[in-house]
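Asker: Contents are mmCIF, C-alpha atoms and all ligand atoms; file name run-v3.cif:
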data_upload
loop_
_atom_site.label_atom_id
_atom_site.label_comp_id
_atom_site.auth_asym_id
_atom_site.auth_seq_id
_atom_site.Cartn_x
_atom_site.Cartn_y
_atom_site.Cartn_z
CA MET A 1 1.24 28.29 -31.47
CA GLY A 2 0.93 30.35 -28.33
CA LEU A 3 0.36 27.17 -26.34
CA ASP A 4 3.44 25.50 -27.81
CA ALA A 5 5.64 28.43 -26.86
CA HIS A 6 4.22 28.28 -23.37
CA SER A 7 4.88 24.57 -22.88
CA GLN A 8 8.43 24.95 -24.21
CA ASN A 9 9.01 27.55 -21.54
CA ASP A 10 7.68 25.11 -18.95
CA VAL A 11 10.25 22.54 -20.03
CA LYS A 12 13.06 25.04 -19.61
CA GLN A 13 11.88 26.08 -16.19
CA ARG A 14 11.50 22.57 -14.80
CA PRO A 15 14.32 21.68 -12.42
CA PRO A 16 16.13 18.40 -13.10
CA ILE A 17 14.68 15.05 -12.06
CA ILE A 18 16.28 11.60 -11.71
CA ASP A 19 14.06 8.55 -12.33
CA MET A 20 15.50 5.69 -10.27
CA HIS A 21 13.25 2.95 -11.57
CA MET A 22 12.84 2.46 -15.30
CA HIS A 23 12.32 -0.62 -17.44
CA ILE A 24 12.17 -1.42 -21.13
CA GLY A 25 9.28 -3.78 -20.50
CA ALA A 26 10.61 -6.28 -23.03
CA PRO A 27 9.32 -9.48 -21.40
CA LEU A 28 5.80 -8.17 -20.91
CA ASP A 29 3.53 -9.85 -23.42
CA LEU A 30 0.87 -7.16 -23.85
CA SER A 31 -1.41 -6.08 -26.62
CA ALA A 32 -1.07 -2.46 -27.69
CA GLY A 33 -3.24 -0.20 -25.56
CA ALA A 34 -3.57 -2.64 -22.65
CA PRO A 35 -4.11 -0.70 -19.43
CA ALA A 36 -1.56 -0.74 -16.61
CA PRO A 37 -2.25 -2.87 -13.54
CA CYS A 38 -3.85 -1.43 -10.41
CA LEU A 39 -4.34 -2.51 -6.80
CA PRO A 40 -6.37 -3.57 -4.92
CA GLN A 41 -8.86 -5.39 -7.14
CA PRO A 42 -11.40 -4.38 -8.25
CA CYS A 43 -10.03 -1.05 -9.46
CA MET A 44 -9.88 1.28 -12.45
CA ARG A 45 -6.91 0.56 -14.69
CA LYS A 46 -5.17 3.53 -16.33
CA GLY A 47 -2.79 4.03 -19.24
CA GLN A 48 -2.25 2.45 -22.63
CA ALA A 49 0.61 0.05 -23.28
CA THR A 50 2.90 1.03 -26.14
CA ALA A 51 2.73 -1.25 -29.18
CA THR A 52 6.42 -1.80 -29.85
CA ALA A 53 9.79 -1.45 -28.17
CA SER A 54 10.65 1.50 -30.42
CA GLU A 55 7.41 3.30 -29.55
CA ASN A 56 8.16 2.69 -25.88
CA LEU A 57 11.63 4.20 -26.27
CA LYS A 58 10.33 7.20 -28.21
CA LYS A 59 7.56 7.98 -25.72
CA THR A 60 9.87 7.42 -22.76
CA LEU A 61 12.40 9.90 -24.15
CA GLU A 62 9.60 12.38 -24.86
CA ALA A 63 8.44 12.13 -21.25
CA MET A 64 12.03 12.50 -20.04
CA ASP A 65 12.40 15.69 -22.10
CA ARG A 66 9.04 17.07 -20.99
CA TYR A 67 9.81 16.59 -17.28
CA ASN A 68 13.55 17.29 -17.57
CA ILE A 69 14.58 13.82 -16.39
CA VAL A 70 18.33 14.03 -16.71
CA LYS A 71 19.07 10.44 -15.67
CA GLY A 72 17.21 7.15 -15.41
CA PHE A 73 18.21 3.93 -13.66
CA LEU A 74 17.22 1.49 -16.41
CA SER A 75 17.06 -2.25 -15.82
CA ASP A 76 15.81 -5.09 -17.93
CA LEU A 77 16.43 -8.73 -18.76
CA ASP A 78 17.34 -7.99 -22.38
CA LEU A 79 20.89 -6.68 -22.36
CA ASN A 80 20.83 -5.98 -26.12
CA GLN A 81 17.81 -3.72 -25.79
CA LEU A 82 19.43 -1.98 -22.84
CA ARG A 83 22.38 -1.19 -25.09
CA GLU A 84 20.03 0.15 -27.77
CA TRP A 85 18.37 2.51 -25.31
CA SER A 86 21.70 3.64 -23.99
CA GLU A 87 22.93 4.39 -27.53
CA ALA A 88 19.71 6.24 -28.36
CA ALA A 89 20.27 8.64 -25.47
CA PRO A 90 23.96 8.71 -24.51
CA GLY A 91 24.61 9.57 -20.89
CA ARG A 92 20.92 9.55 -20.05
CA PHE A 93 20.57 6.02 -18.61
CA ILE A 94 22.31 4.08 -15.89
CA ILE A 95 22.24 0.58 -17.38
CA SER A 96 21.69 -2.36 -15.06
CA PRO A 97 20.77 -6.04 -15.52
CA PHE A 98 17.43 -7.28 -14.18
CA ILE A 99 17.97 -10.48 -12.21
CA VAL A 100 15.20 -12.93 -11.42
CA GLU A 101 16.65 -16.42 -11.33
CA PRO A 102 19.97 -16.40 -9.49
CA GLY A 103 22.68 -18.03 -11.56
CA LYS A 104 20.88 -17.59 -14.89
CA THR A 105 22.95 -14.50 -15.54
CA SER A 106 26.19 -15.57 -13.92
CA PRO A 107 27.87 -12.88 -11.81
CA ASP A 108 31.15 -13.58 -13.61
CA ALA A 109 29.53 -12.89 -16.97
CA LEU A 110 28.59 -9.39 -15.73
CA ARG A 111 32.10 -8.58 -14.58
CA PRO A 112 33.60 -7.35 -17.91
CA ALA A 113 30.66 -5.01 -18.56
CA LEU A 114 30.90 -3.61 -15.04
CA LYS A 115 34.62 -3.12 -15.47
CA ALA A 116 34.06 -1.30 -18.77
CA LYS A 117 31.24 0.72 -17.12
CA ARG A 118 28.77 -0.47 -19.77
CA LEU A 119 26.77 -1.67 -16.78
CA ALA A 120 26.58 0.72 -13.85
CA GLY A 121 24.25 -1.07 -11.45
CA ILE A 122 22.92 -4.45 -10.32
CA GLY A 123 19.24 -5.23 -10.46
CA GLU A 124 16.43 -4.75 -10.18
CA ILE A 125 16.91 -7.98 -8.31
CA GLY A 126 13.40 -9.39 -8.72
CA SER A 127 13.91 -12.85 -7.27
CA GLN A 128 10.91 -12.34 -5.00
CA LEU A 129 8.87 -12.89 -8.18
CA ILE A 130 9.89 -16.55 -7.93
CA GLY A 131 9.66 -16.66 -4.15
CA ILE A 132 13.35 -16.11 -3.37
CA ALA A 133 14.08 -13.85 -0.38
CA PRO A 134 16.91 -11.28 -0.35
CA ASN A 135 18.89 -13.23 2.24
CA ASP A 136 19.00 -16.35 0.05
CA PRO A 137 22.69 -17.33 -0.35
CA ARG A 138 22.20 -17.70 -4.10
CA LEU A 139 21.90 -13.90 -4.36
CA ASP A 140 25.02 -13.24 -2.36
CA PRO A 141 27.46 -13.19 -5.34
CA TYR A 142 25.47 -10.31 -6.91
CA PHE A 143 25.71 -8.22 -3.76
CA ALA A 144 29.43 -8.98 -3.55
CA LEU A 145 29.84 -7.86 -7.15
CA ALA A 146 27.99 -4.59 -6.55
CA GLU A 147 30.12 -3.93 -3.50
CA GLU A 148 33.31 -4.68 -5.40
CA PHE A 149 32.45 -2.29 -8.25
CA ASN A 150 30.72 0.26 -5.99
CA VAL A 151 27.54 0.28 -8.09
CA PRO A 152 23.99 0.73 -6.77
CA VAL A 153 21.60 -2.19 -6.34
CA LEU A 154 17.82 -2.03 -6.78
CA ILE A 155 15.87 -4.82 -5.13
CA HIS A 156 12.21 -5.79 -5.11
CA THR A 157 11.62 -6.45 -1.40
CA GLU A 158 8.08 -5.54 -0.41
CA GLY A 159 4.62 -6.95 0.09
CA ILE A 160 3.27 -6.44 -3.43
CA GLY A 161 4.30 -7.54 -6.90
CA PRO A 162 3.01 -8.90 -10.17
CA PRO A 163 0.23 -11.51 -9.90
CA LEU A 164 2.51 -14.46 -10.59
CA PRO A 165 1.82 -17.85 -8.98
CA THR A 166 5.43 -17.93 -7.77
CA PHE A 167 5.44 -14.45 -6.15
CA ARG A 168 5.64 -14.53 -2.34
CA SER A 169 4.80 -11.54 -0.12
CA ALA A 170 6.46 -13.38 2.76
CA ALA A 171 9.78 -13.26 0.88
CA GLY A 172 9.53 -9.45 0.79
CA SER A 173 9.82 -8.44 4.42
CA PRO A 174 12.48 -5.73 4.65
CA ILE A 175 13.77 -7.44 7.81
CA LEU A 176 15.15 -10.11 5.46
CA LEU A 177 17.55 -7.45 4.12
CA GLU A 178 19.37 -7.32 7.42
CA ALA A 179 21.59 -10.32 6.66
CA VAL A 180 22.55 -8.66 3.37
CA MET A 181 23.39 -5.34 5.04
CA VAL A 182 25.51 -7.09 7.67
CA ARG A 183 27.37 -9.21 5.13
CA HIS A 184 27.93 -6.29 2.73
CA PRO A 185 28.39 -3.13 4.78
CA LYS A 186 29.56 -1.04 1.81
CA LEU A 187 26.60 -1.98 -0.38
CA ARG A 188 24.57 0.94 -1.78
CA ILE A 189 21.14 -0.58 -2.08
CA PHE A 190 17.63 0.80 -2.60
CA VAL A 191 14.34 -0.93 -2.14
CA GLU A 192 11.42 -0.73 -4.55
CA ASN A 193 8.47 1.19 -3.12
CA THR A 194 10.41 1.56 0.16
CA GLY A 195 9.14 -1.86 1.15
CA TYR A 196 5.43 -1.07 0.80
CA PRO A 197 3.40 -1.79 2.88
CA TYR A 198 5.94 -3.09 5.44
CA LEU A 199 6.40 0.36 6.99
CA ASP A 200 7.69 -0.51 10.46
CA GLU A 201 10.14 -3.10 9.17
CA MET A 202 11.45 -0.66 6.57
CA ILE A 203 11.86 2.16 9.10
CA ALA A 204 13.82 -0.19 11.37
CA MET A 205 16.16 -1.17 8.53
CA MET A 206 16.64 2.42 7.32
CA TYR A 207 17.39 3.71 10.82
CA GLN A 208 19.84 0.91 11.44
CA TYR A 209 21.56 0.90 8.03
CA PRO A 210 22.19 4.41 6.69
CA GLN A 211 23.30 3.08 3.30
CA LEU A 212 19.79 1.77 2.65
CA TYR A 213 17.49 3.97 0.51
CA GLY A 214 13.98 3.50 -0.79
CA ASP A 215 12.24 4.44 -4.02
CA LEU A 216 8.73 5.76 -4.54
CA SER A 217 7.89 4.14 -7.82
CA THR A 218 4.97 1.86 -8.68
CA ILE A 219 3.04 3.02 -5.61
CA THR A 220 2.85 6.53 -7.08
CA TRP A 221 0.28 5.14 -9.56
CA ILE A 222 -0.65 1.50 -8.86
CA ILE A 223 -2.37 1.91 -5.48
CA PRO A 224 -5.02 4.46 -4.46
CA PRO A 225 -3.53 7.97 -3.93
CA SER A 226 -4.78 7.91 -0.33
CA ALA A 227 -2.73 4.78 0.38
CA PHE A 228 0.36 6.23 -1.32
CA TYR A 229 0.15 9.52 0.55
CA ASP A 230 -0.45 7.78 3.87
CA TYR A 231 2.72 5.70 3.39
CA LEU A 232 4.81 8.64 2.17
CA GLN A 233 3.65 10.89 4.99
CA ARG A 234 4.58 8.31 7.59
CA LEU A 235 8.05 7.89 6.07
CA ILE A 236 8.47 11.68 6.18
CA GLN A 237 7.23 11.83 9.77
CA ALA A 238 9.82 9.19 10.62
CA GLY A 239 12.45 11.62 9.33
CA LEU A 240 13.40 9.66 6.22
CA GLY A 241 12.87 12.46 3.67
CA LYS A 242 16.57 12.45 2.75
CA ARG A 243 16.53 8.74 1.84
CA LEU A 244 13.60 8.51 -0.60
CA MET A 245 13.97 8.70 -4.38
CA PHE A 246 11.44 9.02 -7.15
CA GLY A 247 11.11 6.24 -9.76
CA SER A 248 8.40 5.67 -12.34
CA ASP A 249 8.56 1.86 -12.79
CA GLN A 250 6.68 2.59 -15.98
CA MET A 251 7.42 -0.66 -17.90
CA ARG A 252 5.23 -0.24 -21.04
CA TRP A 253 3.19 2.79 -19.98
CA PRO A 254 5.35 5.91 -20.47
CA GLU A 255 2.49 8.17 -19.33
CA MET A 256 3.09 6.79 -15.83
CA ILE A 257 6.35 8.77 -15.70
CA GLY A 258 4.41 12.03 -15.58
CA LYS A 259 1.74 10.61 -13.31
CA GLY A 260 4.39 9.55 -10.79
CA ILE A 261 6.15 12.93 -10.82
CA GLU A 262 2.86 14.77 -10.41
CA ALA A 263 1.91 12.52 -7.48
CA ILE A 264 5.05 13.74 -5.66
CA GLU A 265 4.54 17.36 -6.71
CA GLU A 266 0.92 17.33 -5.55
CA ALA A 267 1.66 15.98 -2.04
CA ASP A 268 0.50 18.97 0.02
CA PHE A 269 2.30 17.83 3.18
CA LEU A 270 5.73 18.01 1.48
CA THR A 271 7.78 21.20 1.49
CA GLU A 272 9.36 22.35 -1.78
CA GLU A 273 12.71 21.21 -0.42
CA GLN A 274 11.37 17.74 0.38
CA LYS A 275 9.96 17.44 -3.14
CA ARG A 276 13.31 18.41 -4.66
CA ASP A 277 15.07 15.91 -2.40
CA ILE A 278 12.79 13.09 -3.56
CA LEU A 279 12.83 14.05 -7.23
CA TYR A 280 16.55 14.78 -7.50
CA ASN A 281 18.85 15.61 -4.59
CA ASN A 282 18.68 12.28 -2.77
CA ALA A 283 19.45 10.36 -5.96
CA VAL A 284 22.47 12.61 -6.65
CA ARG A 285 23.84 11.72 -3.21
CA PHE A 286 22.96 8.02 -3.46
CA LEU A 287 24.45 7.67 -6.95
CA GLN A 288 27.51 9.68 -5.86
CA LEU A 289 27.04 11.94 -8.89
CA ASP A 290 28.38 14.80 -6.79
CA LYS A 291 31.67 12.91 -6.40
CA LYS A 292 32.15 12.08 -10.06
CA ASN A 293 33.26 14.48 -12.77
ZN ZN A 301 10.68 -2.67 -11.23
#
Rewrite the coordinates I just gave you, this time as structure tokens.
Answerer:
Amino acid sequence: MGLDAHSQNDVKQRPPIIDMHMHIGAPLDLSAGAPAPCLPQPCMRKGQATATASENLKKTLEAMDRYNIVKGFLSDLDLNQLREWSEAAPGRFIISPFIVEPGKTSPDALRPALKAKRLAGIGEIGSQLIGIAPNDPRLDPYFALAEEFNVPVLIHTEGIGPPLPTFRSAAGSPILLEAVMVRHPKLRIFVENTGYPYLDEMIAMMYQYPQLYGDLSTITWIIPPSAFYDYLQRLIQAGLGKRLMFGSDQMRWPEMIGKGIEAIEEADFLTEEQKRDILYNNAVRFLQLDKKN
């Protein structure tokens, strides 16, 4: 009983967090308890996959309560399940369609939901999973749509991804974002894992295009902590601490939400202010939450 009272106090005292990278994990065909992936092989896999979509939702909301996550950028292929999650926790999620194959979800079909604010983002654009680079003209209508409705875009542009035969690291160089930034100067776009491990390319893009942000998501738990901290420290040394945002990318392992947050909190080279920026303040600015009522 004493312990319970103590942990409830902890919840109250935790400052707010925004998770910029959440999924429902619907398309993942996993047996209950399957561990989460890790890199590089061979490595120790952690976590236990939830058994059902409803268990995933329940445990995700529990983690959000425990860590005081006030908003989550939630994307998935299954628009019906996205609606279910949104209804289960009104105001808690920013709902956004996951896009892999350009044209499969037609940009025009998304328009009414964007207009009605049922959708409030575009992406994760995960076309790199099938070898399509961000500057491919087939993705252009999605960027135009995001610009038109002034909604944020999450894109998977980096060196690593799921072990699919169609995934291409070469299609993930952040330099390939330049054509997108030039064509869509008002686009508010953030890159999964801040382009890991393409550090120099990502720094160049972020210096050149101030509207470009990066998340610290899967790399908070999927790669060795030494590799994550090395990358984060170099981004901070480059002066980019105001442009990085936490995300859990938890998919079907809700315990990764806490692991990701703790990885940021335990970074001994970050000041308290830098931690708050990554966990909350930068996302407030990027999402323009300070401008809305
Ligand atoms: Zn993702």
Asker: Dump as CSV the rows for residues of chain A within 9 Å of ligand ZN 301 (chain A): closest atom pair and distance in Å with one decimal, only C-alpha atoms and all ligand atoms counted, ordered by chain and rising residue number.
Answerer:
residue,atom,partner,partner_atom,distance
A:His21,CA,A:ZN301,ZN,6.2
A:Met22,CA,A:ZN301,ZN,6.9
A:His23,CA,A:ZN301,ZN,6.7
A:Ser75,CA,A:ZN301,ZN,7.9
A:Asp76,CA,A:ZN301,ZN,8.8
A:Phe98,CA,A:ZN301,ZN,8.7
A:Gly123,CA,A:ZN301,ZN,9.0
A:Glu124,CA,A:ZN301,ZN,6.2
A:Ile125,CA,A:ZN301,ZN,8.7
A:Gly126,CA,A:ZN301,ZN,7.7
A:Leu154,CA,A:ZN301,ZN,8.4
A:Ile155,CA,A:ZN301,ZN,8.3
A:His156,CA,A:ZN301,ZN,7.0
A:Glu192,CA,A:ZN301,ZN,7.0
A:Ser217,CA,A:ZN301,ZN,8.1
A:Thr218,CA,A:ZN301,ZN,7.7
A:Ser248,CA,A:ZN301,ZN,8.7
A:Asp249,CA,A:ZN301,ZN,5.2
A:Gln250,CA,A:ZN301,ZN,8.1
A:Met251,CA,A:ZN301,ZN,7.7
Asker: Which value, in Å to one decimal, gives the distance between atom CA of Arg188 of chain A and atom CA of Leu74 of chain A?
Answerer: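 Separation between atom CA of Arg188 of chain A and atom CA of Leu74 of chain A: 16.4 Å.
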Asker: Could you jot down the atom CA of Ala204 of chain A to atom CA of Gln237 of chain A separation for me, Å, one decimal place?
Answerer: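 Interatomic distance here is 13.8 Å.
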Asker: Go ahead and compute the interatomic distance for atom CA of Gly33 of chain A and atom CA of Gly159 of chain A, in Å to one decimal.
Answerer: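 Calculated distance between atom CA of Gly33 of chain A and atom CA of Gly159 of chain A is 27.7 Å.
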Asker: For Val284 of chain A, which residue among A:Met205, A:Glu266, A:Arg243, A:Leu212 is the nearest when counting only C-alpha atoms?
Answerer: A:Arg243
Asker: Pick out the residues sitting within 10 Å of Ala36 of chain A, and hand them over as a PyMOL selection string; count all atoms listed in the file, and ignore anything fewer than 3 positions along from it in its own chain.
Answerer: chain A and resi 30+33+44-49+221-222+250-253+256
Asker: Padding 5 Å on each side, edges along x, y and z: where is the centre of the box around the listed atoms of segment 52-65 of chain A, and how long are its edges in Å to one decimal? Output it as JSON.
Answerer:
{"center_x": 9.4, "center_y": 6.9, "center_z": -25.2, "size_x": 16.0, "size_y": 27.5, "size_z": 20.4}
Asker: Counting all atoms listed in the file, which of A:Ala227, A:Ala146, A:Ile203, A:Ile175 gets nearest to Leu114 of chain A?
Answerer: A:Ala146
Asker: From the set A:Ile17, A:Asn193, A:Tyr207, A:Pro224, which residue has the shortest atom-to-atom contact distance to Gln41 of chain A, counting all atoms listed in the file?
Answerer: A:Pro224
Asker: Quick one: everything within 10 Å of Leu232 of chain A, counting only C-alpha atoms, minus sequence neighbours fewer than 5 positions away in the same chain. Send it as a list of chain:residue names.
Answerer: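 Near neighbours after the sequence-gap exclusion: A:Asn193, A:Thr194, A:Tyr196, A:Leu199, A:Leu216, A:Ile219, A:Thr220, A:Ser226, A:Ala227, A:Gln237, A:Ala238, A:Leu240, A:Gly241, A:Leu244, A:Ile264, A:Ala267, A:Phe269, A:Leu270.
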Asker: Which polymer residues have any atom within 10 Å of an atom of Leu187 of chain A, counting only C-alpha atoms, with same-chain residues fewer than 5 positions away left out, as a list in words?
Answerer: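 Counting only C-alpha atoms, the residues come to Phe143, Ala144, Leu145, Ala146, Glu147, Glu148, Phe149, Asn150, Val151, Pro152, Val153, Val180, Met181, Val182, Gln211 and Leu212 of chain A.
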Asker: Please identify all polymer residues within 6 Å of segment 57-69 of chain A, counting all atoms listed in the file, omitting same-chain residues fewer than 5 positions from it, and present them as an MDAnalysis selection string.
Answerer: chainID A and resid 11 16:18 254
Asker: Out of A:Ile257, A:Leu82, A:Ile130, A:Leu39, which residue has the shortest atom-to-atom distance to Ala170 of chain A when counting all atoms listed in the file?
Answerer: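 Nearest to Ala170 of chain A: A:Ile130.
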